[in-house]
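Undergrad: Input file: work.cif. Contents: mmCIF, C-alpha atoms.
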data_target
#
loop_
_atom_site.label_atom_id
_atom_site.label_comp_id
_atom_site.auth_asym_id
_atom_site.auth_seq_id
_atom_site.Cartn_x
_atom_site.Cartn_y
_atom_site.Cartn_z
CA MET A 25 0.00 0.00 0.00
CA LYS A 26 1.14 3.55 -0.65
CA GLY A 27 3.21 5.25 2.02
CA GLY A 28 2.40 8.11 4.34
CA GLY A 29 3.02 11.56 2.98
CA PRO A 30 1.92 14.73 4.68
CA TRP A 31 -1.80 14.02 4.57
CA PRO A 32 -3.96 11.36 6.09
CA ILE A 33 -4.83 8.68 3.56
CA TYR A 34 -8.36 7.62 2.89
CA GLY A 35 -9.74 4.75 0.89
CA LEU A 36 -12.99 5.09 -0.92
CA LYS A 37 -15.93 2.92 -0.10
CA ARG A 38 -15.84 -0.29 -2.04
CA ILE A 39 -18.47 -1.68 -4.34
CA TYR A 40 -19.24 -5.30 -3.58
CA ARG A 41 -20.21 -8.03 -5.98
CA ALA A 42 -23.92 -8.58 -6.11
CA SER A 43 -23.65 -12.30 -6.69
CA SER A 44 -21.93 -14.86 -4.51
CA LYS A 45 -21.29 -17.82 -6.80
CA GLY A 46 -18.52 -16.22 -8.78
CA GLN A 47 -20.98 -15.43 -11.52
CA THR A 48 -21.19 -11.91 -12.78
CA LEU A 49 -24.62 -10.46 -13.01
CA PRO A 50 -25.54 -7.30 -14.82
CA LEU A 51 -25.28 -5.11 -11.79
CA GLN A 52 -26.92 -1.94 -12.96
CA HIS A 53 -29.95 -2.49 -10.78
CA ALA A 54 -27.78 -2.85 -7.68
CA LEU A 55 -25.47 0.03 -8.44
CA PRO A 56 -25.76 3.58 -7.20
CA PRO A 57 -26.23 6.29 -9.87
CA LEU A 58 -23.32 6.22 -12.31
CA ASP A 59 -22.32 9.77 -11.43
CA ASP A 60 -21.59 8.65 -7.86
CA LEU A 61 -19.02 6.14 -9.08
CA VAL A 62 -15.41 6.49 -10.05
CA ALA A 63 -13.37 3.82 -11.80
CA CYS A 64 -9.63 3.51 -11.40
CA PRO A 65 -8.07 4.48 -14.75
CA GLN A 66 -5.33 1.87 -14.35
CA CYS A 67 -7.15 -1.21 -13.04
CA ASP A 68 -10.84 -0.43 -13.70
CA THR A 69 -11.92 -1.04 -10.09
CA LEU A 70 -15.14 0.72 -9.16
CA HIS A 71 -15.41 2.94 -6.11
CA HIS A 72 -17.95 5.26 -4.60
CA ALA A 73 -16.84 8.82 -5.29
CA GLY A 74 -17.33 10.25 -1.82
CA ASN A 75 -16.52 13.73 -0.64
CA LEU A 76 -13.06 13.77 0.87
CA PRO A 77 -12.18 15.84 3.91
CA ASP A 78 -9.70 18.64 3.22
CA ASN A 79 -6.09 17.68 2.58
CA ALA A 80 -6.88 14.03 1.99
CA ARG A 81 -5.96 11.64 -0.76
CA ALA A 82 -7.97 8.66 -1.88
CA HIS A 83 -6.17 5.65 -3.26
CA CYS A 84 -7.49 2.85 -5.41
CA GLN A 85 -8.33 -0.13 -3.21
CA ARG A 86 -6.70 -2.56 -5.58
CA CYS A 87 -3.70 -1.04 -7.35
CA GLY A 88 -3.01 1.82 -4.96
CA ILE A 89 -2.74 4.78 -7.35
CA VAL A 90 -4.11 8.14 -6.20
CA LEU A 91 -7.65 8.54 -7.50
CA MET A 92 -8.44 11.93 -6.07
CA THR A 93 -7.09 14.54 -3.73
CA SER A 94 -8.79 17.37 -1.97
CA GLN A 95 -6.85 20.48 -1.20
CA PRO A 96 -8.46 23.78 -0.29
CA ALA A 97 -8.38 26.32 -3.12
CA ALA A 98 -6.41 23.91 -5.31
CA MET A 99 -7.81 25.48 -8.46
CA ALA A 100 -6.67 29.01 -7.55
CA ARG A 101 -3.25 27.73 -6.51
CA ILE A 102 -2.80 25.77 -9.73
CA LEU A 103 -3.78 28.81 -11.77
CA SER A 104 -1.42 31.17 -9.96
CA LEU A 105 1.47 28.72 -10.19
CA ALA A 106 0.79 28.21 -13.89
CA LEU A 107 0.77 31.98 -14.51
CA THR A 108 4.04 32.36 -12.58
CA ALA A 109 5.64 29.51 -14.49
CA PHE A 110 4.48 30.97 -17.81
CA ILE A 111 6.08 34.36 -17.13
CA MET A 112 9.29 32.80 -15.81
CA MET A 113 9.41 30.51 -18.81
CA ILE A 114 9.46 33.48 -21.15
CA ALA A 115 12.36 34.95 -19.19
CA ALA A 116 14.10 31.58 -19.18
CA VAL A 117 13.83 31.29 -22.92
CA SER A 118 14.99 34.76 -23.87
CA PHE A 119 17.75 35.75 -21.40
CA PRO A 120 21.29 34.34 -21.70
CA PHE A 121 21.42 30.82 -20.39
CA LEU A 122 25.10 29.98 -20.41
CA THR A 123 28.13 32.08 -21.25
CA LEU A 124 31.32 30.52 -22.48
CA ASP A 125 34.82 32.00 -22.65
CA ALA A 126 37.76 30.31 -24.27
CA GLY A 127 40.92 31.72 -25.81
CA GLY A 128 39.59 35.25 -25.95
CA LEU A 129 36.37 34.18 -27.66
CA HIS A 130 33.05 34.75 -26.00
CA ASN A 131 29.75 33.05 -26.66
CA ALA A 132 26.53 33.81 -24.78
CA THR A 133 23.63 31.53 -25.52
CA SER A 134 19.96 31.86 -24.75
CA VAL A 135 17.69 28.88 -25.24
CA ILE A 136 16.29 30.45 -28.41
CA ASP A 137 19.81 31.07 -29.73
CA ALA A 138 20.66 27.47 -28.98
CA VAL A 139 17.73 26.25 -31.03
CA LEU A 140 18.32 28.69 -33.90
CA ALA A 141 22.03 27.89 -34.00
CA PHE A 142 21.29 24.52 -35.53
CA ASN A 143 20.87 25.04 -39.20
CA GLU A 144 22.55 22.19 -40.91
CA GLY A 145 22.30 18.48 -41.37
CA LEU A 146 21.59 16.25 -38.43
CA ALA A 147 21.33 19.08 -36.00
CA ILE A 148 18.01 20.26 -37.42
CA PRO A 149 15.76 17.37 -36.31
CA LEU A 150 17.58 17.38 -32.99
CA ALA A 151 17.02 21.11 -32.54
CA ILE A 152 13.33 20.79 -33.38
CA ALA A 153 12.89 17.94 -30.89
CA VAL A 154 14.73 19.82 -28.14
CA ALA A 155 12.78 23.02 -28.82
CA PHE A 156 9.52 21.09 -28.47
CA PHE A 157 10.47 19.20 -25.31
CA ILE A 158 11.83 22.13 -23.32
CA MET A 159 10.03 25.16 -24.73
CA VAL A 160 7.01 24.63 -26.97
CA ILE A 161 5.32 21.79 -25.08
CA PRO A 162 5.77 23.30 -21.60
CA LEU A 163 4.39 26.62 -22.86
CA ILE A 164 1.41 24.95 -24.56
CA ARG A 165 0.68 23.01 -21.36
CA LEU A 166 0.76 26.14 -19.24
CA ALA A 167 -1.33 28.14 -21.70
CA ALA A 168 -3.93 25.35 -21.93
CA LEU A 169 -4.19 25.08 -18.14
CA ILE A 170 -4.56 28.82 -17.73
CA TYR A 171 -7.22 28.89 -20.46
CA ALA A 172 -9.19 25.98 -18.97
CA LEU A 173 -8.95 26.84 -15.27
CA GLY A 174 -9.11 30.64 -15.39
CA PRO A 175 -12.92 30.93 -15.48
CA LEU A 176 -13.34 28.15 -12.90
CA VAL A 177 -11.43 30.11 -10.30
CA ARG A 178 -13.72 33.11 -10.84
CA GLU A 179 -16.68 30.71 -10.81
CA ALA A 180 -17.59 31.87 -14.30
CA PRO A 181 -18.84 29.42 -16.96
CA ALA A 182 -16.09 27.44 -18.65
CA ARG A 183 -14.64 28.77 -21.90
CA PRO A 184 -15.48 26.93 -25.12
CA GLY A 185 -12.99 24.15 -25.66
CA ALA A 186 -11.91 24.18 -22.02
CA ARG A 187 -12.25 20.39 -21.82
CA LYS A 188 -10.11 19.94 -24.90
CA ALA A 189 -7.51 22.31 -23.46
CA PHE A 190 -7.27 20.45 -20.15
CA GLY A 191 -7.18 17.09 -21.95
CA LEU A 192 -4.31 18.38 -24.08
CA ALA A 193 -2.41 19.67 -21.04
CA GLU A 194 -2.70 16.25 -19.40
CA ARG A 195 -1.74 14.34 -22.53
CA LEU A 196 1.37 16.47 -22.99
CA ARG A 197 2.54 15.93 -19.41
CA PRO A 198 5.11 13.17 -20.12
CA TRP A 199 6.50 15.11 -23.10
CA SER A 200 7.30 18.23 -21.13
CA MET A 201 10.93 17.75 -20.17
CA ALA A 202 12.20 20.97 -18.61
CA GLU A 203 13.44 19.23 -15.46
CA ILE A 204 15.43 16.73 -17.49
CA PHE A 205 16.95 19.59 -19.43
CA ILE A 206 18.24 21.13 -16.18
CA VAL A 207 20.06 17.91 -15.33
CA GLY A 208 21.40 17.87 -18.89
CA VAL A 209 22.80 21.38 -18.38
CA THR A 210 24.67 20.23 -15.28
CA VAL A 211 26.22 17.32 -17.13
CA ALA A 212 27.14 19.57 -20.07
CA LEU A 213 28.82 22.09 -17.75
CA ILE A 214 31.07 19.41 -16.33
CA LYS A 215 31.89 17.96 -19.72
CA VAL A 216 32.94 21.31 -21.10
CA ALA A 217 34.82 22.44 -17.98
CA GLY A 218 38.20 21.34 -19.32
CA LEU A 219 37.68 23.12 -22.61
CA ALA A 220 36.42 26.54 -21.60
CA ALA A 221 35.19 28.67 -18.74
CA VAL A 222 31.41 28.53 -18.50
CA THR A 223 29.23 30.79 -16.40
CA ILE A 224 25.57 30.38 -15.67
CA GLY A 225 23.31 33.21 -16.81
CA PRO A 226 20.06 34.51 -15.28
CA ALA A 227 17.93 32.32 -17.55
CA PHE A 228 19.31 29.21 -15.88
CA TRP A 229 17.83 30.27 -12.54
CA ALA A 230 14.54 31.20 -14.18
CA PHE A 231 14.46 27.76 -15.74
CA ALA A 232 15.22 26.07 -12.43
CA GLY A 233 12.36 28.10 -10.92
CA VAL A 234 9.99 26.93 -13.65
CA VAL A 235 10.90 23.33 -12.87
CA ILE A 236 10.17 23.68 -9.15
CA ILE A 237 6.90 25.53 -9.74
CA THR A 238 5.81 22.92 -12.30
CA VAL A 239 6.40 20.10 -9.82
CA LEU A 240 4.38 21.92 -7.15
CA LYS A 241 1.61 22.66 -9.62
CA ASP A 242 1.37 19.11 -10.99
CA GLN A 243 1.09 17.75 -7.45
CA LEU A 244 -1.97 19.91 -6.89
CA ILE A 245 -3.73 18.70 -10.02
CA CYS A 246 -6.51 16.26 -9.17
CA ARG A 247 -7.85 15.17 -12.54
CA TYR A 248 -11.11 13.91 -11.12
CA SER A 249 -12.04 17.17 -9.41
CA ILE A 250 -10.97 19.32 -12.34
CA TRP A 251 -12.98 17.28 -14.85
CA GLU A 252 -15.94 17.39 -12.49
CA ALA A 253 -15.64 21.16 -12.11
CA LEU A 254 -15.28 21.61 -15.87
CA GLU A 255 -18.39 19.53 -16.46
CA GLN A 256 -20.43 21.41 -13.88
CA SER A 257 -19.43 24.85 -15.08
CA ALA A 258 -20.14 23.95 -18.70
CA ALA A 259 -23.68 22.88 -17.90
CA MET B 7 -20.17 9.93 2.39
CA GLN B 8 -18.28 7.59 4.62
CA VAL B 9 -14.61 7.04 4.03
CA PHE B 10 -12.62 3.99 4.99
CA ASP B 11 -9.09 3.70 6.20
CA LEU B 12 -7.16 1.91 3.51
CA GLY B 13 -5.00 0.03 5.97
CA SER B 14 -7.84 -2.12 7.20
CA THR B 15 -9.00 -3.44 3.86
CA GLY B 16 -6.50 -5.96 2.63
CA THR B 17 -8.45 -8.29 0.40
CA VAL B 18 -9.10 -7.84 -3.26
CA SER B 19 -11.90 -10.36 -3.59
CA GLY B 20 -14.71 -7.94 -2.79
CA LEU B 21 -13.68 -5.51 -5.51
CA ILE B 22 -15.40 -5.31 -8.83
CA THR B 23 -14.33 -3.68 -12.05
CA ALA B 24 -16.41 -1.40 -14.22
CA ARG B 25 -16.26 -4.02 -16.96
CA GLU B 26 -17.69 -6.71 -14.68
CA ALA B 27 -20.50 -4.40 -13.72
CA GLY B 28 -21.38 -4.04 -17.38
CA LEU B 29 -20.02 -0.51 -17.49
CA VAL B 30 -17.25 1.28 -19.26
CA ALA B 31 -15.01 3.76 -17.49
CA CYS B 32 -13.24 6.78 -18.90
CA GLN B 33 -9.49 6.54 -18.43
CA ARG B 34 -9.01 10.29 -18.46
CA CYS B 35 -11.48 11.36 -15.81
CA GLY B 36 -12.83 8.21 -14.11
CA GLN B 37 -16.45 8.83 -15.08
CA VAL B 38 -18.45 5.61 -15.51
CA HIS B 39 -20.89 4.99 -18.36
CA ARG B 40 -23.18 2.27 -19.66
CA GLN B 41 -21.37 -0.12 -21.96
CA ASP B 42 -22.90 1.26 -25.14
CA ALA B 43 -21.49 4.76 -24.65
CA SER B 44 -18.61 5.62 -26.95
CA TYR B 45 -17.68 9.11 -25.75
CA CYS B 46 -17.29 10.31 -22.21
CA LYS B 47 -20.00 12.77 -21.24
CA ARG B 48 -17.69 14.49 -18.77
CA CYS B 49 -14.43 14.98 -20.63
CA ASP B 50 -15.38 14.06 -24.21
CA GLY B 51 -12.65 11.41 -24.41
CA ALA B 52 -13.13 8.20 -26.41
CA LEU B 53 -14.28 5.26 -24.31
CA GLN B 54 -12.92 1.76 -24.57
CA SER B 55 -13.47 -0.88 -21.94
CA ARG B 56 -10.13 -2.48 -22.87
CA ASP B 57 -7.72 -1.36 -25.54
CA THR B 58 -7.78 -4.51 -27.65
CA GLU B 59 -4.93 -3.32 -29.86
CA SER B 60 -2.83 -2.33 -26.89
CA LEU B 61 -0.30 -5.18 -27.10
CA GLN B 62 0.07 -4.83 -30.84
CA LYS B 63 0.99 -1.15 -30.44
CA VAL B 64 3.26 -1.91 -27.49
CA TRP B 65 5.26 -4.47 -29.50
CA ALA B 66 5.46 -2.29 -32.60
CA TRP B 67 6.80 0.77 -30.76
CA LEU B 68 9.07 -1.37 -28.61
CA ILE B 69 10.69 -3.07 -31.60
CA ALA B 70 11.16 0.30 -33.30
CA GLY B 71 12.76 1.61 -30.10
CA MET B 72 15.11 -1.36 -29.82
CA ILE B 73 16.17 -1.04 -33.45
CA ALA B 74 16.90 2.67 -33.04
CA TYR B 75 18.93 1.91 -29.92
CA ILE B 76 21.51 -0.07 -31.94
CA PRO B 77 22.89 2.79 -34.08
CA ALA B 78 22.62 5.00 -30.99
CA ASN B 79 25.34 2.89 -29.39
CA VAL B 80 27.47 2.13 -32.43
CA TYR B 81 27.79 5.59 -33.98
CA PRO B 82 29.26 8.69 -32.35
CA MET B 83 27.09 10.92 -30.21
CA LEU B 84 29.44 13.91 -30.19
CA LEU B 85 31.93 15.17 -32.76
CA THR B 86 34.49 17.39 -31.06
CA SER B 87 37.20 19.27 -32.91
CA THR B 88 39.74 21.48 -31.19
CA LEU B 89 42.99 23.09 -32.40
CA VAL B 90 44.93 19.94 -31.65
CA GLU B 91 42.58 17.08 -32.28
CA ARG B 92 39.32 15.82 -33.64
CA SER B 93 37.50 13.22 -31.66
CA GLU B 94 34.28 11.30 -31.76
CA SER B 95 32.65 9.78 -28.75
CA THR B 96 29.89 7.22 -28.43
CA ILE B 97 27.58 6.91 -25.43
CA ILE B 98 29.89 4.51 -23.63
CA GLY B 99 32.94 6.50 -24.80
CA GLY B 100 31.47 9.62 -23.22
CA VAL B 101 31.01 7.77 -19.94
CA TRP B 102 34.67 6.62 -20.02
CA GLU B 103 35.84 10.18 -20.67
CA LEU B 104 33.92 11.43 -17.65
CA ILE B 105 35.50 8.71 -15.49
CA HIS B 106 38.96 9.72 -16.72
CA HIS B 107 38.22 13.34 -15.85
CA GLY B 108 37.36 12.13 -12.37
CA SER B 109 33.66 13.04 -12.58
CA ILE B 110 32.44 9.70 -11.29
CA GLY B 111 29.08 11.06 -10.14
CA ILE B 112 28.23 12.56 -13.53
CA ALA B 113 29.51 9.43 -15.26
CA ILE B 114 27.05 7.40 -13.18
CA ILE B 115 24.16 9.75 -14.07
CA VAL B 116 24.92 9.47 -17.79
CA PHE B 117 25.40 5.69 -17.61
CA VAL B 118 22.15 5.18 -15.73
CA ALA B 119 20.18 7.49 -18.04
CA SER B 120 21.62 6.27 -21.34
CA VAL B 121 22.28 2.58 -20.75
CA MET B 122 20.58 1.19 -17.67
CA ILE B 123 17.20 2.94 -18.05
CA PRO B 124 16.74 2.07 -21.76
CA MET B 125 17.86 -1.53 -21.25
CA GLY B 126 15.72 -1.87 -18.13
CA LYS B 127 12.75 -0.45 -20.02
CA PHE B 128 13.10 -2.94 -22.87
CA VAL B 129 13.20 -5.84 -20.39
CA ALA B 130 10.32 -4.46 -18.31
CA ILE B 131 8.03 -3.83 -21.28
CA ILE B 132 8.75 -7.28 -22.75
CA TYR B 133 7.99 -8.83 -19.36
CA LEU B 134 4.73 -6.89 -19.02
CA ALA B 135 3.58 -7.69 -22.55
CA VAL B 136 4.46 -11.40 -22.30
CA THR B 137 2.79 -11.89 -18.92
CA VAL B 138 -0.37 -10.21 -20.18
CA GLN B 139 -0.37 -12.42 -23.28
CA GLN B 140 -0.07 -15.49 -21.07
CA ARG B 141 -2.95 -14.14 -18.97
CA SER B 142 -0.76 -14.53 -15.92
CA GLY B 143 -2.36 -13.67 -12.60
CA ALA B 144 0.90 -13.70 -10.67
CA HIS B 145 2.59 -10.68 -9.08
CA GLN B 146 -0.09 -8.24 -10.20
CA HIS B 147 1.00 -5.59 -7.73
CA GLY B 148 4.64 -6.01 -8.72
CA ARG B 149 3.82 -5.80 -12.41
CA HIS B 150 1.68 -2.73 -11.89
CA LYS B 151 4.56 -1.13 -9.96
CA ALA B 152 6.90 -2.02 -12.84
CA TYR B 153 4.50 -0.35 -15.28
CA GLU B 154 4.35 2.80 -13.15
CA ILE B 155 8.15 2.93 -12.88
CA VAL B 156 8.59 2.47 -16.65
CA GLU B 157 6.08 5.26 -17.32
CA PHE B 158 7.74 7.58 -14.83
CA ILE B 159 11.39 6.98 -15.56
CA GLY B 160 11.47 6.58 -19.34
CA ARG B 161 11.67 10.28 -20.11
CA TRP B 162 14.85 10.66 -18.08
CA SER B 163 16.85 8.91 -20.78
CA MET B 164 16.66 12.16 -22.73
CA ILE B 165 19.45 13.64 -20.56
CA ASP B 166 22.19 12.67 -23.00
CA VAL B 167 20.32 14.14 -25.97
CA PHE B 168 20.01 17.45 -24.13
CA VAL B 169 23.70 17.35 -23.19
CA VAL B 170 24.61 16.97 -26.86
CA ALA B 171 22.25 19.78 -27.86
CA ILE B 172 23.60 22.16 -25.21
CA LEU B 173 27.24 21.38 -25.97
CA SER B 174 26.85 21.80 -29.69
CA ALA B 175 24.98 25.08 -29.32
CA LEU B 176 27.45 26.46 -26.81
CA VAL B 177 30.77 25.29 -28.15
CA GLN B 178 30.90 26.97 -31.56
CA LEU B 179 34.18 28.87 -31.31
CA ASN B 180 35.28 28.67 -34.93
CA THR B 181 38.74 27.19 -35.07
CA ILE B 182 39.43 26.84 -31.37
CA ALA B 183 36.76 24.36 -30.55
CA THR B 184 33.54 23.15 -32.07
CA ILE B 185 31.20 20.41 -30.99
CA ASN B 186 28.60 18.93 -33.31
CA PRO B 187 25.98 16.26 -32.80
CA GLY B 188 26.58 12.82 -34.29
CA ILE B 189 24.03 10.52 -35.84
CA ALA B 190 23.68 8.59 -32.59
CA ALA B 191 22.10 11.63 -30.95
CA VAL B 192 19.18 11.48 -33.36
CA SER B 193 18.74 7.71 -33.18
CA PHE B 194 18.96 7.79 -29.39
CA ALA B 195 16.28 10.48 -29.22
CA LEU B 196 14.09 8.39 -31.52
CA SER B 197 14.67 5.30 -29.39
CA VAL B 198 13.54 7.15 -26.25
CA ILE B 199 10.46 8.56 -28.02
CA PHE B 200 9.48 5.13 -29.40
CA THR B 201 9.83 3.38 -26.04
CA MET B 202 7.82 6.15 -24.35
CA LEU B 203 5.05 5.59 -26.91
CA SER B 204 5.31 1.85 -26.30
CA ALA B 205 4.84 2.30 -22.55
CA GLN B 206 1.95 4.71 -23.11
CA SER B 207 0.18 2.23 -25.41
CA PHE B 208 0.15 -0.39 -22.65
CA ASP B 209 -3.31 -0.73 -21.12
CA ALA B 210 -2.57 -1.34 -17.44
CA ARG B 211 -6.08 -2.71 -16.89
CA LEU B 212 -4.99 -5.84 -18.75
CA ILE B 213 -2.63 -6.70 -15.86
CA TRP B 214 -5.60 -6.93 -13.53
CA ASP B 215 -7.92 -8.84 -15.83
CA ALA B 216 -6.26 -12.22 -15.43
CA ASP B 217 -7.92 -13.13 -12.13
CA ARG B 218 -11.35 -12.26 -13.47
CA THR B 219 -13.74 -14.43 -15.32
CA ALA B 220 -14.02 -12.67 -18.63
CA GLY B 221 -17.14 -10.56 -18.62
#
Please express what this file holds, its structure, as C-alpha cells.
TA:
Amino acid sequence: MKGGGPWPIYGLKRIYRASSKGQTLPLQHALPPLDDLVACPQCDTLHHAGNLPDNARAHCQRCGIVLMTSQPAAMARILSLALTAFIMMIAAVSFPFLTLDAGGLHNATSVIDAVLAFNEGLAIPLAIAVAFFIMVIPLIRLAALIYALGPLVREAPARPGARKAFGLAERLRPWSMAEIFIVGVTVALIKVAGLAAVTIGPAFWAFAGVVIITVLKDQLICRYSIWEALEQSAA
Amino acid sequence: MQVFDLGSTGTVSGLITAREAGLVACQRCGQVHRQDASYCKRCDGALQSRDTESLQKVWAWLIAGMIAYIPANVYPMLLTSTLVERSESTIIGGVWELIHHGSIGIAIIVFVASVMIPMGKFVAIIYLAVTVQQRSGAHQHGRHKAYEIVEFIGRWSMIDVFVVAILSALVQLNTIATINPGIAAVSFALSVIFTMLSAQSFDARLIWDADRTAG
C-alpha cells in the first residue's frame, strides 16, 4: 500500500459483488447512480466517489494509485502557479542561459539562440525535438491550463474548448521535459569544464524556478475534481 | 459519504471492475458509463473498456525503439574538434571520458540514463507484454509497480540528448573548438520517443484482468 506523505490517507468505499457464486450479473440495478461512481483508470476497479475531507488523498483499493485529492483552493493555486511559471518561462527562454569563454572568444547563448544555432544536417531534427520538449510543449501546457482553469477560479462558466484544453495539457505531461533539461545542463557544464570557462546566466535560474513551480503545480492537479468542475461549469 | 481507512482493507476479492458491472469507465477522468457509450459525457474522451490493440501497439513501438537503440550505441554521439585534435565519442565512450576526468558522479548519471534505463525499459516492457499475453495472474502488484516505474522513468533517458544539444549550441568557437551532434544523438532520441510511446500504449487494466472471469 502507498506510504504516508503529509496528509492522512483515505480509501474510498468499495463496491461489492452482487452475486456470490462467482458469476457476474448485470449489476446496474444494484449500483448507485453512475455519477456517484469512479473507476480507477489503471485497473478499472469501481469505487464510490465520496466527498473527501480537506487535505486528503484517496487511493485505489486494488492497485493503490491516487484517485483523487482534496486540497483547499487547489484550483486558484494551480492557476497562480501556472501563470508564474508561464512568465518565468518566457524569461528563461529569452535571457542568456550559459556564457562561455575560451581563448579570448566569448559566446553567450539563450535557449532560443541554442535552437536557432542549428541550421545544418543532423542538427536540425535534434534542434526541433529539443525546442519542443523544453520550450514549446511546456508553454502549450501552461497556456492550456490557464485557459481551462481561469474561469473556474472566478466561478464563471467554462470557456469553449476548455475540456479539450485540459485534456491536451494532461496528454502532454510526459513530453514536457524541462526538469530533465536542467540535469542535462549540469552534465554539459562538467563535460565542457576542461575546454572553456562557462558561467551560468540569469535564464538558468529562471528555468530552475519553472521546474520547481511545475512540480508543485502538478502535485496539486486532481484530474477527477478538475474534470468534475469543468463539467459542472459547462452545464 | 463515509470514508474507509485503507489500511484495514486488505483483500481484493470484494472488488469489482467497471467491466464486470457491465459498465465502461473513462481513463481520463474516471467517469463511468453504460457499456454502449462511446464518448465520455464528462471529458469528451473516447471510451474503450479495454484497448484490444494495446499489445500490438506496445510491441510495434518497442521493436522500433530497440532497433533505433543499436545505431545509438554504435555511432558517435558527439563530434568534437579542437585546435589539436578531432575526436568522436559514443555513449559509452562519453562515460569513459567522464571517469577519466574524475567526474564519477556525472559518469554514473549518464550511464544510468543512457544505458541502464533504456535496457531496463526494454526488459520491463517485454515482461509486461508477455505476462499479459499469457494471462498470468501472478505478481499483479509487482507488475503494476513495474508499469508505473517504466512510465515515470522513461523520459529521463533524454538527458544525453540534451547534453549533446547544449554542448553543440554552446561550443561553436570557430577554429578553437567546435562540438557537433553525431548521428547517434538522433537515433537515441528516436529510441527514447518510441519506447515512451510503447509504454503509453500499454493498457494497465490488462494486468488486472487475469484473475477475473471474462465478462
Undergrad: For Gly71 (chain B), which residue among B:Arg40, B:Lys127, B:His150, B:Lys47 is the nearest when counting only C-alpha atoms?
TA: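 Nearest to Gly71 (chain B): B:Lys127.
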Undergrad: Residues near Ile98 (chain B), anyone? I mean within 9 Å using all atoms listed in the file, not counting same-chain ones fewer than 3 positions away, as a PyMOL selection string.
TA: chain B and resi 79+95+101-103+117+120-121
Undergrad: Expand the PyMOL selection byres ((chain B and resi 132) around 12) into the individual residues it matches in the shown file, reporting them as a CSV table (one decimal) with C-alpha atoms, keeping the file's coordinate frame.
TA:
chain,number,residue,atom,x,y,z
B,61,LEU,CA,-0.3,-5.2,-27.1
B,64,VAL,CA,3.3,-1.9,-27.5
B,65,TRP,CA,5.3,-4.5,-29.5
B,66,ALA,CA,5.5,-2.3,-32.6
B,67,TRP,CA,6.8,0.8,-30.8
B,68,LEU,CA,9.1,-1.4,-28.6
B,69,ILE,CA,10.7,-3.1,-31.6
B,72,MET,CA,15.1,-1.4,-29.8
B,125,MET,CA,17.9,-1.5,-21.2
B,126,GLY,CA,15.7,-1.9,-18.1
B,127,LYS,CA,12.8,-0.4,-20.0
B,128,PHE,CA,13.1,-2.9,-22.9
B,129,VAL,CA,13.2,-5.8,-20.4
B,130,ALA,CA,10.3,-4.5,-18.3
B,131,ILE,CA,8.0,-3.8,-21.3
B,133,TYR,CA,8.0,-8.8,-19.4
B,134,LEU,CA,4.7,-6.9,-19.0
B,135,ALA,CA,3.6,-7.7,-22.6
B,136,VAL,CA,4.5,-11.4,-22.3
B,137,THR,CA,2.8,-11.9,-18.9
B,138,VAL,CA,-0.4,-10.2,-20.2
B,139,GLN,CA,-0.4,-12.4,-23.3
B,149,ARG,CA,3.8,-5.8,-12.4
B,152,ALA,CA,6.9,-2.0,-12.8
B,153,TYR,CA,4.5,-0.4,-15.3
B,156,VAL,CA,8.6,2.5,-16.6
B,201,THR,CA,9.8,3.4,-26.0
B,204,SER,CA,5.3,1.8,-26.3
B,205,ALA,CA,4.8,2.3,-22.6
B,208,PHE,CA,0.2,-0.4,-22.6
Undergrad: Quick one: residues within 6 Å of region 193-201 of chain A, only C-alpha atoms counted, chain neighbours fewer than 3 positions away excluded, as a ChimeraX atom specification?
TA: /A:157-158,161-162,165,168,190,204
Undergrad: To one decimal place, how far is CA of Met92 (chain A) from CA of Leu240 (chain A) in Å?
TA: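 That distance, rounded to one decimal, is 16.3 Å.
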Undergrad: Identify all residues satisfying the PyMOL selection byres ((chain B and resi 188-190) around 12) in the given file; provide them as a PyMOL selection string.
TA: (chain A and resi 145-150) or (chain B and resi 74-86+93-98+120+166-167+170-171+173-174+185-187+191-197)
Undergrad: List the residues matched by the PyMOL selection byres ((chain B and resi 212) around 9) in the displayed structure as a list in words, ordered by chain and then by residue number.
TA: Gln66 and Cys67 of chain A; Arg56, Asp57, Val138, Arg141, Phe208, Asp209, Ala210, Arg211, Ile213, Trp214, Asp215 and Ala216 of chain B
Undergrad: Which one of A:Thr108, A:Gly191, A:Asp242, A:Ala115 sits closest to chain B if you count all atoms listed in the file?
TA: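 Checking each of A:Thr108, A:Gly191, A:Asp242, A:Ala115 against chain B, counting all atoms listed in the file, the winner is A:Gly191.
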Undergrad: Excluding Ala221 (chain A) and its own-chain neighbours fewer than 6 positions away, which residues fall within 10 Å of it when counting all atoms listed in the file? Please give them as a PyMOL selection string.
TA: chain A and resi 123-127+130+213
Undergrad: What is the distance, in Å and to one decimal place, between CA of Gln243 (chain A) and CA of Ala106 (chain A)?
TA: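 Between CA of Gln243 (chain A) and CA of Ala106 (chain A) the gap is 12.3 Å.
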Undergrad: Of the candidates B:Thr88, B:Val198, B:Ile73, B:Ala175, which one gets nearest to chain A if we count only C-alpha atoms?
TA: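 The answer is B:Ala175, which sits nearest to chain A.
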Undergrad: Which is closer to Gln178 (chain B) than all the others in A:Ile89, A:Ala116, A:Ala220, A:Ala182, using only C-alpha atoms?
TA: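 Nearest to Gln178 (chain B): A:Ala220.
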Undergrad: Produce the centre coordinates and the three edge lengths, each in Å to one decimal, of the box along x, y and z that contains all listed atoms of region 155-163 of chain A with 5 Å added on each side, as AutoDock Vina command-line options.
TA:
--center_x 8.6 --center_y 22.9 --center_z -25.2 --size_x 18.4 --size_y 17.4 --size_z 17.2
Undergrad: Select, from A:Pro226, A:Gly88, A:Gly208, A:Pro56, the residue with the minimum atom-to-atom distance to chain B, counting only C-alpha atoms.
TA: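 Result for the nearest residue to chain B: A:Gly208.
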